[in-house]
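Structure first, commentary second.
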Amino acid sequence: MSEKFDEIKAAKENWQAERSKRKDRDIKFETVSGMQLNDLYTPEDVKNLDYMNDLGFPGEYPFTRGVQHNMYRGRLWTMRQFAGFATAEESNLRYKFLLEKGQTGLSVAFDMPTIMGYDSDHPRSYGEVGRVGVAIDSLADMETLFNGIPLDKVSTSMTTNAPASILWCMYIATGEKQGVSSEKLTGTIQNDILKEYIAQKSWIFPPEPSMRLITNIFEYASKKVPKWNTVSISGYHIREAGSTAVQELAFTLADGFAYVEAGMAAGLDVDDFAPRLSFFFNSHIDFFEEIAKYRAARRIWARRMKEKYGAKNPKSWLLRFHTQTAGCSLTAQQPENNIVRTAYEALAAVLGGTQSLHTNSMDEVLALPTEKAVQIALRTQQIIAYETGAANVIDPLAGSYFVEALTNKMEEEAERYFEEIDRRGGVLAAIDQNFFQQEIADAAYQYQRAIDKKQRIQVGVNEFVDPDENLEIEILTIDPEIERKQVENVRKLRRERNNLVVQDNLDALKKAAQGTENLIPHILECVRSYATEGEIVQTLREVFGEYKEKPTF
Amino acid sequence: MARRIRVLVAKPGLDGHDRGARVIARALRDAGMEVVYTGLHQTPEQIVEAAIQEDVDVVGLSILSGAHMTLFPRVCELLKQNGAEDIMVMGGGTIPEADVKALKEGGWAAELFTPGTTIETIVDWINANVKVD
Amino acid sequence: MLEVSKLIQGDKRTTAKIISLIENEGEGKRELLSKIYPHTGNAHVIGITGSPGAGKSSLTDVLIKQARNNELKVGVIAVDPTSPISGGALLGDRIRMQEHALDKNVFIRSMGTRGCLGGLARATKDVVKVLDAYGCNIIIIETVGVGQSELDIMHYADTTLVVLTPGAGDHIQTIKAGIMEIADIFVINKSDLGNTKKIVTDIEQMLDMSPRYHGKWRPPVVETSTLTGLGIAELWSLMNQHLETSRASGELRVNLRERLKAEVMEMVEENLSKYLWDLFAQNGGIEQVLDDLADRKLDPYTEANRIFQKFFIERGNDNV
């Protein structure tokens, strides 16, 4: 095509002369993230694109076109709907039901006290026990959660970050009780503490000791739990906190690089842990921007892992990712419209080559979703998979002048952020300087302002409003009995276990934390003796201290 | 020096969803108000103590955890116990219509803003309801 | 009606309301302060200033803890800049101190600078008195050391801490001279981040070169980490030493007298100014005079003397 550039250029000038006589609508033509767009893309915009170097083939370096050779022709993406239930018993029943239906992967949502490292009877847990997920205080609860479910037969994803090491140890210990050795366990812990400081805000300890816990997990997993995905590096929450697409891309990958560097600094071979790293992205409403984001992410990761970090194992170069549609794009007004939004977002994720997908329910912005809404969300994925034909051809948008130009632009802008982060002394330093937090706060503020001023239209919110709309929402009430019972359980446990052993183990953990050794074996000992999550966290808090947020607006 | 409207923006509960709280805090600042932000994970007791010491006109609670039916009454109760029931309580978050009605009728919230409310609406409401004497 | 007796008894709501009245320059401020004044003079006032990001709020937080361990009642005045565009302010310093919110012996108040020349310093010194009378043994004023008005506040502190970080070592020459000169103690915070040697040496050299410290309190440099607790106990004891030293040397009293002189003069000037404007108003205003000045019919120098003569000297005997 290159020989025709002059011809194209001349023709474009002619077209532009004609085109400029036409009046455009009086709006800004930019992505939802505020990225400026041309009105038309031509071969000129991708003239430097080198097919073999920049795109290559699916399953091959630099993986721009996908991580598997045959992508969805081999296996569709995993339709993984994340859900939480109040108690371990209730969740256990639901898991068994799902397994009977042929599901092989479980996804555990914990309640806020468990996420924040408080036992159910802690004053701060009041009113929050079992509300957004299952309450786990000790190994006893974890045993109940997986009672009758052989852990060598299922893969379990656990959304836990600050106390990930503790809940993971509980899972390993549950396996031991079942006679399943840790080598056989498969699953994922989110374990991405950096994005907690940046966006999600469910932190406990300061960054340095938190990074130590993560590298401890890398090391322990590489030796004892080799099939476990040790971290799911998450951009989802960064986007939900209000970032742009580029920020989501750049900050998430920067976090990923920080974990790689931390692992290497701890003396691990990059190929020993990098293949176990996976990613978790948002899919927002700007269709093409999202697709470009996923494609750029794969390319950047592969290049850095190979060229900068010297990874030799091709599995270390692969950016595998889970996607969730954007909760923050949904509106409380005319909630049925959210089905449509979610469908486009899901399609973008599929065209961007996601490995698994969660579609939000239309009523999630209002309350916990109803059964009906959850079903529609799942059906949306099935329609994309089986009816639209979107899964037939691998990376079907490759070669689009627009999509390729946007993919390049994403990569360039992300690289600019990497330089800025380096200049600031790395991710931890940038967190300390409030850099990410401020960038996101600014983007969130501008987004809200644009909607308020109607520079951006949200259907049903600032345009096409239904003034007579009366929202009838089914309200999910949480039985206070759940909290009372869970509180009683944990108190009973503390009375009945061997408290001398518990104290010895906690003391040993404290001593180890003051030194430099790997803490996982010590946490595992504590867990085995039924020390509670809150007790273990408190022990570590006494050594590590607690993170405090910085004012950012 | 002119009297400034003072607002406490608080984020109770254990979740970290502070995007809305921060956007509002910044918008109120840009509307000329003094905004005290207490950060995440605040208990009603901490919020009320801060409101009293800071002598704010309005307390704004951002609640997305679904715990609004316990948190609003608790904050109002504590304000009353401290003789500070003249401090207005407003809030925002994912609060179903029926709960909005119940909270307002019960006197547990002067005003509640649900998703989709513009910042101007909130600013106007505060300006209209705070007496600048 | 705000009752001073309730303030003295430690009523938080009354205390907070009195502070608002002072901040807003409300009606009856002076009368109120005159009743409060006899109950003041007991608190050790600590000023904390330094560049943004130096960890002032965290330092304040650990000093509150230290004070509470010593069973002292603490007041904190946390100052953040007012937006010059909107006049509003985001006051976020409390975030770092919220764990003390329920301690009945800790009172924290956030203030915006409100951009008014001298206004911040005036309000702050009066708020210090309120917290003093409220029963605080130690009052911490925390402010970003960027503007002159923020620096002025530090004149109302008995002991001023200037907080720097190891990273600031390279820029020590460029740090505002004013901020370096007001320090009674230099705090190198975040020393857990490592290399503090350069900045400590730089400060010591600067102190060596300055004659003003010879034979007097020479500001010590203390390395702290609010994360690990390093140096906090040392800082605490230095703060107390500084207070004792300046009390023993009489400097504390000298400073107090200076402050009071400025304060009284300021109020007298305020009175005079108001008195004068009232007289102008009664005598047909100043508009004609301004026209004559602009037309070069009068000159401002002679006119100033004439006004003073007319309204103070000639009328002085029968009117004042």
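Starting from 1 in every chain, residues are counted up; chains themselves are A, B, ... following the order of the structure tokens, and ligands are numbered from 1 as listed.
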Going by DSSP on the backbone, which residues of region 217-315 of chain A come out as helix (DSSP H, G or I)? List them as a short mmCIF file (atom, residue, chain, number, x, y, z; two decimals) with C-alpha atoms, in the first residue's frame.
data_model
loop_
_atom_site.label_atom_id
_atom_site.label_comp_id
_atom_site.auth_asym_id
_atom_site.auth_seq_id
_atom_site.Cartn_x
_atom_site.Cartn_y
_atom_site.Cartn_z
CA ILE A 217 3.72 -15.10 48.42
CA PHE A 218 5.54 -15.19 45.05
CA GLU A 219 8.40 -17.11 46.59
CA TYR A 220 6.27 -19.54 48.57
CA ALA A 221 3.96 -20.17 45.61
CA SER A 222 6.83 -20.85 43.21
CA LYS A 223 8.01 -23.60 45.56
CA LYS A 224 4.87 -24.98 47.16
CA TYR A 236 -10.74 -2.08 37.21
CA HIS A 237 -10.81 -0.12 40.46
CA ILE A 238 -8.53 2.59 39.11
CA ARG A 239 -11.07 3.23 36.36
CA GLU A 240 -14.01 3.07 38.74
CA ALA A 245 -8.50 4.78 29.88
CA VAL A 246 -4.85 5.71 29.46
CA GLN A 247 -4.42 6.14 33.20
CA GLU A 248 -6.02 2.76 33.82
CA LEU A 249 -3.67 1.19 31.30
CA ALA A 250 -0.52 2.97 32.43
CA PHE A 251 -1.03 2.75 36.19
CA THR A 252 -2.01 -0.91 36.07
CA LEU A 253 0.97 -1.90 33.96
CA ALA A 254 3.24 0.24 36.14
CA ASP A 255 1.93 -1.70 39.15
CA GLY A 256 2.69 -4.91 37.28
CA PHE A 257 6.24 -3.80 36.58
CA ALA A 258 6.63 -2.86 40.25
CA TYR A 259 5.66 -6.40 41.30
CA VAL A 260 8.10 -7.85 38.79
CA GLU A 261 10.86 -5.62 40.08
CA ALA A 262 10.01 -6.43 43.69
CA GLY A 263 10.10 -10.15 42.95
CA MET A 264 13.44 -9.83 41.19
CA ALA A 265 14.81 -7.66 44.00
CA VAL A 270 11.51 -13.54 36.78
CA ASP A 271 10.38 -16.68 34.95
CA ASP A 272 9.63 -18.37 38.26
CA PHE A 273 6.78 -16.03 39.07
CA ALA A 274 5.89 -13.90 36.03
CA PRO A 275 3.81 -16.63 34.33
CA ARG A 276 1.52 -16.57 37.39
CA PHE A 287 -16.08 1.14 22.48
CA PHE A 288 -12.98 1.67 20.34
CA GLU A 289 -10.94 3.22 23.11
CA GLU A 290 -11.42 0.10 25.21
CA ILE A 291 -10.46 -2.28 22.43
CA ALA A 292 -7.33 -0.25 21.72
CA LYS A 293 -6.52 -0.30 25.44
CA TYR A 294 -6.50 -4.11 25.65
CA ARG A 295 -4.43 -4.48 22.50
CA ALA A 296 -1.89 -1.90 23.67
CA ALA A 297 -1.71 -3.56 27.11
CA ARG A 298 -0.68 -6.90 25.64
CA ARG A 299 1.96 -5.33 23.43
CA ILE A 300 3.49 -3.14 26.14
CA TRP A 301 3.64 -5.99 28.64
CA ALA A 302 5.24 -8.43 26.21
CA ARG A 303 7.85 -5.93 25.11
CA ARG A 304 8.82 -4.91 28.61
CA MET A 305 8.90 -8.41 30.01
CA LYS A 306 11.10 -9.65 27.21
CA GLU A 307 13.29 -6.65 26.60
CA LYS A 308 13.55 -4.88 29.94
CA PRO A 314 7.11 -16.93 26.61
CA LYS A 315 4.49 -17.43 29.32
#
At most 9 Å to chain C: residues in chain A, only C-alpha atoms, as a CSV table (one decimal) with N, CA, C and O atoms, in the first residue's frame:
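This went into out-v4.csv:
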chain,number,residue,atom,x,y,z
A,206,PRO,N,1.4,-0.2,55.6
A,206,PRO,CA,2.0,0.7,54.6
A,206,PRO,C,2.6,-0.1,53.4
A,206,PRO,O,2.7,-1.3,53.5
A,432,ASP,N,3.5,7.8,47.4
A,432,ASP,CA,3.8,8.7,48.5
A,432,ASP,C,3.6,10.1,48.1
A,432,ASP,O,3.2,10.9,49.0
A,433,GLN,N,3.9,10.4,46.9
A,433,GLN,CA,3.8,11.8,46.4
A,433,GLN,C,2.3,12.1,46.0
A,433,GLN,O,2.0,13.2,45.5
A,434,ASN,N,1.4,11.2,46.1
A,434,ASN,CA,0.0,11.4,45.8
A,434,ASN,C,-0.2,11.5,44.3
A,434,ASN,O,-1.2,12.1,43.9
A,543,VAL,N,3.9,-4.5,64.2
A,543,VAL,CA,5.2,-4.4,63.6
A,543,VAL,C,5.3,-3.4,62.5
A,543,VAL,O,6.1,-2.5,62.4
A,544,PHE,N,4.3,-3.5,61.6
A,544,PHE,CA,4.3,-2.8,60.3
A,544,PHE,C,3.7,-1.4,60.4
A,544,PHE,O,4.0,-0.5,59.6
A,545,GLY,N,2.8,-1.2,61.4
A,545,GLY,CA,2.1,0.1,61.4
A,545,GLY,C,0.9,0.0,60.5
A,545,GLY,O,0.6,-1.0,59.9
A,546,GLU,N,0.2,1.1,60.3
A,546,GLU,CA,-1.0,1.2,59.5
A,546,GLU,C,-0.9,2.3,58.5
A,546,GLU,O,-0.3,3.3,58.8
A,547,TYR,N,-1.4,2.0,57.3
A,547,TYR,CA,-1.3,3.1,56.3
A,547,TYR,C,-2.4,4.1,56.6
A,547,TYR,O,-3.5,3.8,57.0
A,548,LYS,N,-2.0,5.4,56.3
A,548,LYS,CA,-3.0,6.5,56.4
A,548,LYS,C,-3.1,7.2,55.1
A,548,LYS,O,-2.1,7.5,54.6
A,549,GLU,N,-4.3,7.5,54.7
A,549,GLU,CA,-4.5,8.1,53.4
A,549,GLU,C,-4.0,9.6,53.5
A,549,GLU,O,-3.9,10.2,54.5
A,550,LYS,N,-3.7,10.1,52.3
A,550,LYS,CA,-3.3,11.4,52.2
A,550,LYS,C,-4.5,12.2,51.6
A,550,LYS,O,-5.1,11.7,50.7
A,551,PRO,N,-4.6,13.4,52.0
A,551,PRO,CA,-5.7,14.2,51.4
A,551,PRO,C,-5.5,14.5,49.9
A,551,PRO,O,-4.5,15.0,49.6
A,552,THR,N,-6.4,14.0,49.1
A,552,THR,CA,-6.3,14.3,47.7
A,552,THR,C,-7.7,14.6,47.2
A,552,THR,O,-8.7,13.9,47.6
A,553,PHE,N,-7.9,15.7,46.5
A,553,PHE,CA,-9.2,16.0,46.0
A,553,PHE,C,-9.2,16.3,44.5
A,553,PHE,O,-8.2,16.7,43.9
Residue among B:Leu8, B:Val123, B:Met90, B:Ile52 lying closest to chain C, counting only C-alpha atoms: B:Ile52
Minimum-distance residue to Thr118 (chain B), chosen among B:Val23, B:Lys11, B:Val59, B:Val132 (using only C-alpha atoms):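 Closest residue, counting only C-alpha atoms: B:Val23.
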Polymer residues at most 10 Å from Ile149 (chain A), only C-alpha atoms, same-chain spacing of 6 or more positions, as a ChimeraX atom specification: /A:92,95-96,99,143,175,178
At most 10 Å to chain B: residues in chain C, only C-alpha atoms, as a ChimeraX atom specification: /C:12-26,82-104,106-112,114-116,119-120,123
Distance of CA of Ser246 (chain C) from CA of Asn137 (chain C), expressed in Å to one decimal place: 17.3 Å
For Arg541 (chain A): contacts at 10 Å, only C-alpha atoms, fewer than 6 positions along chain excluded, given as a VMD selection string: chain A and resid 204 to 206 209 510 513 535 547
Chain B residues near chain A (10 Å cut-off, only C-alpha atoms) as an MDAnalysis selection string: chainID B and resid 13:27 37:43 64:67 70:71 93:99 114:121
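Atom pair CA of Ala109 (chain B) / CA of Val9 (chain B): separated by 14.3 Å.
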8 Å contact set for Cys169 (chain A), only C-alpha atoms, chain neighbours under 4 positions out, as a ChimeraX atom specification: /A:165,173,520,523-524,527
How about saving the chosen residues, N, CA and C atoms kept, as a JSON list (two decimals), in the first residue's frame?
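The resulting file, part_31.json, is shown below:
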[["chain", "number", "residue", "atom", "x", "y", "z"],
["A", 165, "SER", "N", -2.52, -12.80, 52.09],
["A", 165, "SER", "CA", -1.65, -13.87, 52.55],
["A", 165, "SER", "C", -2.37, -14.75, 53.58],
["A", 173, "ALA", "N", -4.52, -24.44, 54.14],
["A", 173, "ALA", "CA", -4.75, -25.27, 55.32],
["A", 173, "ALA", "C", -6.04, -26.09, 55.18],
["A", 520, "ILE", "N", 5.14, -16.40, 55.15],
["A", 520, "ILE", "CA", 4.04, -17.32, 54.83],
["A", 520, "ILE", "C", 4.03, -18.56, 55.74],
["A", 523, "ILE", "N", 2.53, -17.48, 59.01],
["A", 523, "ILE", "CA", 1.09, -17.21, 58.93],
["A", 523, "ILE", "C", 0.32, -18.53, 58.86],
["A", 524, "LEU", "N", 0.88, -19.45, 58.10],
["A", 524, "LEU", "CA", 0.25, -20.77, 57.95],
["A", 524, "LEU", "C", 0.15, -21.47, 59.31],
["A", 527, "VAL", "N", -2.64, -19.83, 61.26],
["A", 527, "VAL", "CA", -3.93, -20.22, 60.70],
["A", 527, "VAL", "C", -4.31, -21.63, 61.13]]
Surrounding residues of Leu279 (chain C) excluding itself and chain neighbours under 2 positions, 12 Å, only C-alpha atoms, as a count of residues only: 20
Contact residues around Val32 (chain A) with only C-alpha atoms at 9 Å, ignoring same-chain residues under 2 positions, as an MDAnalysis selection string: chainID A and resid 30 34:35 244:245 284:286 289 447 456
Point-to-point distance from CA of Glu183 (chain A) to CA of Val225 (chain A), Å rounded to tenths: 4.7 Å
All strand (DSSP E or B) residues (DSSP, backbone) inside region 19-48 of chain C, as a list in words: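 Listing strand (DSSP E or B) positions across region 19-48 of chain C yields His44, Val45, Ile46, Gly47 and Ile48 of chain C.
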Kindly export the residues of the current selection with all heavy atoms, as a short mmCIF file (atom, residue, chain, number, x, y, z; two decimals), in the first residue's frame.
data_model
loop_
_atom_site.label_atom_id
_atom_site.label_comp_id
_atom_site.auth_asym_id
_atom_site.auth_seq_id
_atom_site.Cartn_x
_atom_site.Cartn_y
_atom_site.Cartn_z
N HIS C 44 1.65 25.42 76.11
CA HIS C 44 2.87 25.47 75.31
C HIS C 44 2.42 25.44 73.85
O HIS C 44 1.82 24.46 73.40
CB HIS C 44 3.74 24.25 75.64
CG HIS C 44 5.05 24.21 74.91
ND1 HIS C 44 5.89 23.13 74.95
CD2 HIS C 44 5.68 25.12 74.12
CE1 HIS C 44 6.98 23.36 74.22
NE2 HIS C 44 6.86 24.57 73.70
N VAL C 45 2.71 26.53 73.13
CA VAL C 45 2.23 26.61 71.75
C VAL C 45 3.35 26.19 70.79
O VAL C 45 4.43 26.76 70.79
CB VAL C 45 1.76 28.05 71.42
CG1 VAL C 45 1.21 28.10 69.98
CG2 VAL C 45 0.72 28.50 72.42
N ILE C 46 3.03 25.15 70.01
CA ILE C 46 4.01 24.59 69.07
C ILE C 46 3.59 24.95 67.65
O ILE C 46 2.45 24.72 67.27
CB ILE C 46 4.03 23.04 69.15
CG1 ILE C 46 4.09 22.55 70.59
CG2 ILE C 46 5.14 22.46 68.27
CD1 ILE C 46 5.41 22.74 71.25
N GLY C 47 4.50 25.51 66.89
CA GLY C 47 4.21 25.77 65.48
C GLY C 47 4.89 24.72 64.63
O GLY C 47 6.05 24.38 64.88
N ILE C 48 4.16 24.17 63.66
CA ILE C 48 4.76 23.20 62.75
C ILE C 48 4.58 23.70 61.33
O ILE C 48 3.46 23.93 60.88
CB ILE C 48 4.12 21.81 62.89
CG1 ILE C 48 4.31 21.28 64.31
CG2 ILE C 48 4.72 20.84 61.87
CD1 ILE C 48 3.80 19.86 64.51
#
